[in-house]
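The data block below is run.cif; it holds mmCIF, C-alpha atoms.
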```cif
data_coords
loop_
_atom_site.group_PDB
_atom_site.id
_atom_site.type_symbol
_atom_site.label_atom_id
_atom_site.label_comp_id
_atom_site.auth_asym_id
_atom_site.auth_seq_id
_atom_site.Cartn_x
_atom_site.Cartn_y
_atom_site.Cartn_z
ATOM 1 C CA MET A 1 213.082 53.662 210.219
ATOM 2 C CA ASN A 2 211.312 54.503 206.974
ATOM 3 C CA ILE A 3 209.647 51.920 204.742
ATOM 4 C CA ASP A 4 212.371 51.866 202.080
ATOM 5 C CA ALA A 5 215.105 51.345 204.680
ATOM 6 C CA LEU A 6 213.082 48.587 206.329
ATOM 7 C CA LEU A 7 212.580 46.755 203.032
ATOM 8 C CA ALA A 8 216.236 47.193 202.067
ATOM 9 C CA ALA A 9 217.320 45.672 205.386
ATOM 10 C CA MET A 10 214.854 42.772 205.295
ATOM 11 C CA THR A 11 216.385 39.679 203.751
ATOM 12 C CA PRO A 12 214.305 36.639 202.757
ATOM 13 C CA THR A 13 215.617 34.898 205.891
ATOM 14 C CA VAL A 14 214.493 37.741 208.153
ATOM 15 C CA TYR A 15 211.104 37.752 206.405
ATOM 16 C CA ALA A 16 210.731 33.991 206.933
ATOM 17 C CA ARG A 17 211.574 34.311 210.639
ATOM 18 C CA LEU A 18 209.163 37.202 211.139
ATOM 19 C CA ARG A 19 206.435 35.326 209.300
ATOM 20 C CA GLN A 20 206.983 32.213 211.404
ATOM 21 C CA ALA A 21 206.912 34.323 214.567
ATOM 22 C CA VAL A 22 203.619 35.914 213.543
ATOM 23 C CA GLU A 23 202.113 32.524 212.640
ATOM 24 C CA THR A 24 203.215 30.750 215.821
ATOM 25 C CA GLY A 25 203.274 33.661 218.267
ATOM 26 C CA LYS A 26 206.840 32.734 219.258
ATOM 27 C CA TRP A 27 210.354 33.655 218.210
ATOM 28 C CA PRO A 28 212.550 30.803 216.891
ATOM 29 C CA ASP A 29 214.055 30.388 220.401
ATOM 30 C CA GLY A 30 210.584 29.811 221.868
ATOM 31 C CA THR A 31 210.119 33.218 223.502
ATOM 32 C CA VAL A 32 206.511 34.410 223.214
ATOM 33 C CA LEU A 33 205.950 37.605 221.208
ATOM 34 C CA SER A 34 204.407 40.541 223.013
ATOM 35 C CA GLU A 35 201.286 42.015 221.424
ATOM 36 C CA GLU A 36 203.340 44.990 220.226
ATOM 37 C CA GLN A 37 205.988 42.698 218.680
ATOM 38 C CA ARG A 38 203.318 40.645 216.957
ATOM 39 C CA GLU A 39 201.637 43.729 215.486
ATOM 40 C CA SER A 40 204.953 45.211 214.299
ATOM 41 C CA SER A 41 206.072 41.895 212.843
ATOM 42 C CA MET A 42 202.728 41.454 211.071
ATOM 43 C CA GLN A 43 203.061 44.906 209.505
ATOM 44 C CA ALA A 44 206.596 44.117 208.335
ATOM 45 C CA VAL A 45 205.486 40.769 206.875
ATOM 46 C CA LEU A 46 202.562 42.342 205.010
ATOM 47 C CA LEU A 47 204.778 45.144 203.738
ATOM 48 C CA TYR A 48 207.368 42.662 202.470
ATOM 49 C CA GLN A 49 204.678 40.556 200.796
ATOM 50 C CA SER A 50 203.172 43.565 199.078
ATOM 51 C CA LYS A 51 206.398 45.178 197.864
ATOM 52 C CA ILE A 52 209.014 42.417 197.461
ATOM 53 C CA GLU A 53 207.655 38.892 197.392
ATOM 54 C CA LYS A 54 205.756 37.731 194.349
ATOM 55 C CA SER A 55 203.885 35.030 196.170
ATOM 56 C CA SER A 56 202.032 32.098 194.652
ATOM 57 C CA GLU A 57 200.008 31.641 197.824
ATOM 58 C CA HIS A 58 196.223 31.511 197.825
ATOM 59 C CA MET A 59 195.863 34.758 199.762
ATOM 60 C CA THR A 60 198.377 37.607 199.737
ATOM 61 C CA VAL A 61 198.571 41.377 200.001
ATOM 62 C CA ASN A 62 199.231 43.321 196.800
ATOM 63 C CA ASP A 63 201.325 46.471 196.436
ATOM 64 C CA LYS A 64 198.242 48.638 197.112
ATOM 65 C CA GLY A 65 197.678 46.945 200.479
ATOM 66 C CA GLU A 66 194.630 45.009 199.262
ATOM 67 C CA ILE A 67 194.063 41.345 200.060
ATOM 68 C CA VAL A 68 194.185 39.199 196.932
ATOM 69 C CA HIS A 69 192.423 35.835 196.811
ATOM 70 C CA LYS A 70 193.272 33.470 193.985
ATOM 71 C CA SER A 71 190.817 30.977 192.593
ATOM 72 C CA LYS A 72 191.752 27.298 192.771
ATOM 73 C CA ARG A 73 192.649 27.361 189.088
ATOM 74 C CA GLU A 74 194.846 30.465 189.428
ATOM 75 C CA PHE A 75 196.526 28.916 192.473
ATOM 76 C CA ARG A 76 197.254 25.651 190.628
ATOM 77 C CA GLU A 77 198.599 27.531 187.615
ATOM 78 C CA ALA A 78 200.851 29.635 189.833
ATOM 79 C CA LEU A 79 202.289 26.497 191.426
ATOM 80 C CA ASN A 80 202.771 24.653 188.123
ATOM 81 C CA PRO A 81 202.892 27.271 185.355
ATOM 82 C CA GLU A 82 204.131 24.841 182.708
ATOM 83 C CA GLN A 83 201.671 22.071 183.497
ATOM 84 C CA ASP A 84 198.458 21.961 181.489
ATOM 85 C CA THR A 85 195.713 21.835 184.124
ATOM 86 C CA ASN A 86 193.359 20.083 181.675
ATOM 87 C CA SER A 87 195.665 17.138 181.033
ATOM 88 C CA ILE A 88 195.883 14.036 183.161
ATOM 89 C CA ALA A 89 199.143 12.199 183.650
ATOM 90 C CA ARG A 90 198.873 8.612 182.477
ATOM 91 C CA PHE A 91 201.326 5.909 183.443
ATOM 92 C CA LYS A 92 201.945 2.493 182.049
ATOM 93 C CA GLN A 93 202.182 -0.404 184.459
ATOM 94 C CA ASP A 94 205.950 -0.551 183.705
ATOM 95 C CA ASP A 95 206.416 3.077 184.852
ATOM 96 C CA ILE A 96 205.270 2.374 188.388
#
```
Would it be possible to restate this file's structure as structure tokens?
Amino acid sequence: MNIDALLAAMTPTVYARLRQAVETGKWPDGTVLSEEQRESSMQAVLLYQSKIEKSSEHMTVNDKGEIVHKSKREFREALNPEQDTNSIARFKQDDI
């Protein structure tokens, strides 16, 4: 299967299952991944992250295959793009 066909066939659900399998070393049914399955799944996950998913995670792989690390500030801004990171939320006693 070529890369374009693989990406076209990979839904967000399939990506999530492959990612979980790589992270845990097991398929959702509990079966342990072989080393070959883990390597193939890892490649598919990294490919999906680099070409499809625009992730707000601290560390990802970009479309050139390079690992991208975000600073704490960039990570916070990606999670809350509309929140001013310099402001502090203040509550009145009645709000709590």
Please put the answer as lines of an AutoDock Vina configuration file: centre and edge lengths, in Å with one decimal, of a box along x, y and z that encloses all listed atoms of region 7-16 of chain A plus 5 Å on each side.
```
center_x = 214.0
center_y = 40.6
center_z = 205.1
size_x = 16.6
size_y = 23.2
size_z = 16.1
```
Using CA of Arg19 (chain A) and CA of Ser40 (chain A) as the two end points, give the distance in Å to one decimal.
->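 Rounded to one decimal, the two atoms are 11.2 Å apart.
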Determine, counting only C-alpha atoms, which protein, DNA and RNA residues have an atom within 12 Å of an atom of region 25-28 of chain A; residues of the same chain fewer than 5 positions away are not included. Present the result as a PDB file with C-alpha atoms, in the frame of the given file.
```pdb
ATOM      1  CA  VAL A  14     214.493  37.741 208.153  1.00  0.00           C
ATOM      2  CA  ALA A  16     210.731  33.991 206.933  1.00  0.00           C
ATOM      3  CA  ARG A  17     211.574  34.311 210.639  1.00  0.00           C
ATOM      4  CA  LEU A  18     209.163  37.202 211.139  1.00  0.00           C
ATOM      5  CA  ARG A  19     206.435  35.326 209.300  1.00  0.00           C
ATOM      6  CA  GLN A  20     206.983  32.213 211.404  1.00  0.00           C
ATOM      7  CA  LEU A  33     205.950  37.605 221.208  1.00  0.00           C
ATOM      8  CA  SER A  34     204.407  40.541 223.013  1.00  0.00           C
ATOM      9  CA  GLU A  35     201.286  42.015 221.424  1.00  0.00           C
ATOM     10  CA  GLU A  36     203.340  44.990 220.226  1.00  0.00           C
ATOM     11  CA  GLN A  37     205.988  42.698 218.680  1.00  0.00           C
ATOM     12  CA  ARG A  38     203.318  40.645 216.957  1.00  0.00           C
ATOM     13  CA  GLU A  39     201.637  43.729 215.486  1.00  0.00           C
ATOM     14  CA  SER A  41     206.072  41.895 212.843  1.00  0.00           C
ATOM     15  CA  MET A  42     202.728  41.454 211.071  1.00  0.00           C
TER      16      MET A  42
END
```
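Those residues returned by the PyMOL selection byres ((chain A and resi 7) around 9) for this file are Asn2, Ile3, Asp4, Ala5, Leu6, Ala8, Ala9, Met10, Thr11, Ala44, Leu47, Tyr48, Lys51 and Ile52 of chain A.
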